[in-house]
Amino acid sequence: MKGKETRTHLDREQVLDTAANLVKRHGPQALTMRGLAAELGTAVTSIYWHVGNRESLLDALVERTLDDLGEIRATGATPERRVVSVARALRRRLRDHPHLIAMVHERGLTERMFLPAQRTLVHEVHAAGLRGARAAEAVRAVQAHVVGHVLVERYRERAPAQHPDEEELWTAETAEEDPALARALAGPHDPEALFAHSVGALVRGLLRSGN
């Protein structure tokens, strides 16, 4: 009775939500129909009824990821803040769903994935006065900065312990007799704050080039 009751109230969105959460936690290789059914407390046949086979399920997750990247909107009172807001939102989406983003890339849909964010950036750089090649350069520079920053963050998170580490490497000598710099580079840093600072400086420079 309990299994039937669960299946009665199960819908496609619940299946996709649970599947996306499994992929987020363990990667797509851990997503099996039996495992997903167990997570939902239902029968495997119910999963097939809602989403088809595993490949259909993965395709549906990819489409949801593409839709999610298409919902990025600019916020802020100035062109600079609005462009920065798009960059920060894009970074968050890429950071939140690394395995799903990898699935999109593996299916050859990376350019389609970035198109909505690019179009939003185009609108904002046009509003800031950039046109033609300068506008294209600004859009590409912002996107490259976001993607590069995310890749570096992911690398640092997954890297093994470093020997020597930054604290050992940065001394007054390597910092050109700037002990405050050495202390700062030897200590931990906030990736979010670093991204906000760096993308803000980048956007200011790009938008000024159009004036």
# chains A, B, ... in the order shown; residues from 1 in each chain; ligands from 1
>>> residues_around(residues="Leu130 of chain A", least_positions_apart="5", cutoff="12 Å", atoms="only C-alpha atoms", output="MDAnalysis selection string")
chainID A and resid 79 121:125 135:139 206:211
>>> residues_around(residues="segment 66-74 of chain A", least_positions_apart="6", cutoff="7 Å", atoms="only C-alpha atoms", output="ChimeraX atom specification")
/A:82-83,85-86,89,93,113,116-117
>>> residues_around(residues="Val199 of chain A", least_positions_apart="3", cutoff="8 Å", atoms="only C-alpha atoms", output="ChimeraX atom specification")
/A:84,87,142,145,195-196,202-203
>>> closest_residue(among="A:Pro179, A:Pro28, A:Pro188, A:Pro98", to="Arg154 of chain A", atoms="only C-alpha atoms")
A:Pro98
>>> atom_distance(atom1="atom CA of Ala172 of chain A", atom2="atom CA of Ala201 of chain A")
27.3 Å
>>> residues_around(residues="Asp165 of chain A", least_positions_apart="3", cutoff="12 Å", atoms="only C-alpha atoms", output="VMD selection string")
chain A and resid 159 to 162 168 to 171 185 to 188
>>> write_last_selection(atoms="all heavy atoms", output="short mmCIF file (atom, residue, chain, number, x, y, z; two decimals), in the first residue's frame")
data_model
loop_
_atom_site.label_atom_id
_atom_site.label_comp_id
_atom_site.auth_asym_id
_atom_site.auth_seq_id
_atom_site.Cartn_x
_atom_site.Cartn_y
_atom_site.Cartn_z
N ALA A 159 42.38 19.77 -5.36
CA ALA A 159 43.82 19.53 -5.37
C ALA A 159 44.26 18.85 -4.07
O ALA A 159 43.70 19.08 -3.00
CB ALA A 159 44.57 20.84 -5.55
N PRO A 160 45.28 18.01 -4.12
CA PRO A 160 45.82 17.41 -2.89
C PRO A 160 46.53 18.47 -2.05
O PRO A 160 46.79 19.58 -2.52
CB PRO A 160 46.81 16.37 -3.43
CG PRO A 160 47.22 16.90 -4.77
CD PRO A 160 46.00 17.58 -5.32
N ALA A 161 46.81 18.12 -0.82
CA ALA A 161 47.53 19.03 0.06
C ALA A 161 48.86 19.41 -0.58
O ALA A 161 49.56 18.56 -1.14
CB ALA A 161 47.76 18.38 1.42
N GLN A 162 49.20 20.69 -0.51
CA GLN A 162 50.40 21.19 -1.16
C GLN A 162 51.60 21.22 -0.21
O GLN A 162 51.48 21.65 0.95
CB GLN A 162 50.14 22.61 -1.68
CG GLN A 162 48.99 22.69 -2.67
CD GLN A 162 49.27 21.91 -3.95
OE1 GLN A 162 50.22 22.22 -4.67
NE2 GLN A 162 48.45 20.90 -4.22
N GLU A 168 54.27 28.63 3.52
CA GLU A 168 55.71 28.41 3.48
C GLU A 168 56.37 29.13 2.32
O GLU A 168 57.52 29.57 2.42
CB GLU A 168 56.00 26.91 3.39
CG GLU A 168 55.52 26.11 4.59
CD GLU A 168 55.62 24.61 4.34
OE1 GLU A 168 54.83 24.09 3.53
OE2 GLU A 168 56.51 23.98 4.95
N LEU A 169 55.66 29.25 1.21
CA LEU A 169 56.25 29.84 0.01
C LEU A 169 56.35 31.36 0.06
O LEU A 169 57.30 31.94 -0.47
CB LEU A 169 55.43 29.43 -1.22
CG LEU A 169 55.53 27.95 -1.62
CD1 LEU A 169 54.49 27.63 -2.69
CD2 LEU A 169 56.93 27.64 -2.14
N TRP A 170 55.35 31.98 0.70
CA TRP A 170 55.35 33.45 0.71
C TRP A 170 56.05 33.99 1.94
O TRP A 170 55.57 33.88 3.06
CB TRP A 170 53.92 33.98 0.61
CG TRP A 170 53.39 33.86 -0.79
CD1 TRP A 170 52.48 32.98 -1.26
CD2 TRP A 170 53.81 34.64 -1.91
NE1 TRP A 170 52.29 33.15 -2.61
CE2 TRP A 170 53.08 34.16 -3.03
CE3 TRP A 170 54.71 35.69 -2.09
CZ2 TRP A 170 53.25 34.71 -4.31
CZ3 TRP A 170 54.88 36.23 -3.35
CH2 TRP A 170 54.16 35.74 -4.45
N THR A 171 57.20 34.57 1.69
CA THR A 171 58.02 35.18 2.74
C THR A 171 58.30 36.63 2.32
O THR A 171 57.93 37.06 1.22
CB THR A 171 59.35 34.44 2.90
OG1 THR A 171 60.10 34.58 1.67
CG2 THR A 171 59.12 32.96 3.18
N LEU A 185 49.06 36.85 0.98
CA LEU A 185 49.12 35.76 0.02
C LEU A 185 49.30 34.41 0.70
O LEU A 185 48.92 33.37 0.14
CB LEU A 185 50.26 36.00 -0.97
CG LEU A 185 50.04 37.14 -1.97
CD1 LEU A 185 51.29 37.35 -2.81
CD2 LEU A 185 48.85 36.85 -2.87
N ALA A 186 49.86 34.41 1.89
CA ALA A 186 50.05 33.16 2.62
C ALA A 186 48.78 32.69 3.31
O ALA A 186 48.63 31.50 3.62
CB ALA A 186 51.16 33.32 3.65
N GLY A 187 47.87 33.61 3.55
CA GLY A 187 46.65 33.27 4.27
C GLY A 187 45.53 32.83 3.35
O GLY A 187 45.64 32.87 2.13
N PRO A 188 44.42 32.38 3.93
CA PRO A 188 43.26 31.95 3.12
C PRO A 188 42.60 33.15 2.44
O PRO A 188 42.78 34.29 2.86
CB PRO A 188 42.32 31.32 4.16
CG PRO A 188 42.68 32.01 5.44
CD PRO A 188 44.16 32.27 5.37
#
>>> closest_residue(among="A:Arg95, A:His9, A:Ile101, A:Glu106", to="Glu157 of chain A", atoms="only C-alpha atoms")
A:Arg95
>>> select_by_dssp(residues="segment 52-119 of chain A", states="alpha helix (DSSP H)", output="PyMOL selection string")
chain A and resi 54-69+79-96+98-106+110-119
>>> atom_distance(atom1="atom CA of Arg92 of chain A", atom2="atom CA of Thr75 of chain A")
14.8 Å
>>> closest_residue(among="A:His99, A:His163, A:Arg131, A:Arg183", to="Asn21 of chain A", atoms="only C-alpha atoms")
A:His99
>>> atom_distance(atom1="atom CA of Leu10 of chain A", atom2="atom CA of Gly27 of chain A")
23.3 Å
>>> closest_residue(among="A:Leu31, A:Leu181, A:Ala128, A:Ala38", to="Glu55 of chain A", atoms="only C-alpha atoms")
A:Leu31
>>> residues_around(residues="Leu36 of chain A", least_positions_apart="4", cutoff="9 Å", atoms="only C-alpha atoms", output="ChimeraX atom specification")
/A:15,18-19,22,31-32,40-42,44,47
>>> residues_around(residues="Leu194 of chain A", least_positions_apart="6", cutoff="12 Å", atoms="only C-alpha atoms", output="PyMOL selection string")
chain A and resi 88+145-146+149-150+152-153+188+200-201
>>> write_last_selection(atoms="N, CA, C and O atoms", output="compact mmCIF listing (two decimals), in the first residue's frame")
# COMPACT_ATOMS: atom_id res chain seq x y z
N ARG A 88 28.15 37.41 -11.79
CA ARG A 88 28.06 36.72 -10.50
C ARG A 88 27.00 35.64 -10.52
O ARG A 88 27.18 34.56 -9.96
N HIS A 145 36.23 35.31 -18.00
CA HIS A 145 36.61 35.55 -16.61
C HIS A 145 35.81 34.65 -15.67
O HIS A 145 36.36 34.05 -14.75
N VAL A 146 34.51 34.54 -15.93
CA VAL A 146 33.66 33.69 -15.09
C VAL A 146 34.11 32.24 -15.18
O VAL A 146 34.33 31.58 -14.15
N HIS A 149 37.56 31.59 -13.62
CA HIS A 149 37.52 31.66 -12.16
C HIS A 149 36.92 30.39 -11.58
O HIS A 149 37.43 29.83 -10.60
N VAL A 150 35.84 29.91 -12.18
CA VAL A 150 35.20 28.68 -11.70
C VAL A 150 36.14 27.49 -11.82
O VAL A 150 36.24 26.67 -10.90
N VAL A 152 39.42 27.50 -11.78
CA VAL A 152 40.47 27.62 -10.77
C VAL A 152 39.93 27.24 -9.40
O VAL A 152 40.58 26.52 -8.62
N GLU A 153 38.74 27.70 -9.08
CA GLU A 153 38.13 27.35 -7.79
C GLU A 153 37.97 25.83 -7.66
O GLU A 153 38.28 25.25 -6.62
N PRO A 188 44.42 32.38 3.93
CA PRO A 188 43.26 31.95 3.12
C PRO A 188 42.60 33.15 2.44
O PRO A 188 42.78 34.29 2.86
N GLY A 200 34.59 43.15 -11.06
CA GLY A 200 34.25 44.57 -11.01
C GLY A 200 35.30 45.42 -11.71
O GLY A 200 34.98 46.32 -12.49
N ALA A 201 36.58 45.11 -11.44
CA ALA A 201 37.66 45.85 -12.08
C ALA A 201 37.66 45.62 -13.59
O ALA A 201 37.86 46.55 -14.39
>>> closest_residue(among="A:Arg64, A:His126, A:His50, A:Arg12", to="Leu100 of chain A", atoms="only C-alpha atoms")
A:Arg64
>>> closest_atom_pairs(of="segment 63-119 of chain A", to="segment 56-59 of chain A", cutoff="10 Å", atoms="only C-alpha atoms", output="tab-separated table")
residue	atom	partner	partner_atom	distance
A:Glu63	CA	A:Asp59	CA	6.3
A:Arg64	CA	A:Asp59	CA	8.7
A:Thr65	CA	A:Asp59	CA	9.9
A:Leu100	CA	A:Leu58	CA	9.1
A:Met103	CA	A:Leu58	CA	8.2
A:Val104	CA	A:Asp59	CA	9.0
A:Arg107	CA	A:Asp59	CA	9.1
>>> closest_residue(among="A:Arg204, A:Lys24, A:His197, A:Arg140", to="Leu94 of chain A", atoms="only C-alpha atoms")
A:Lys24
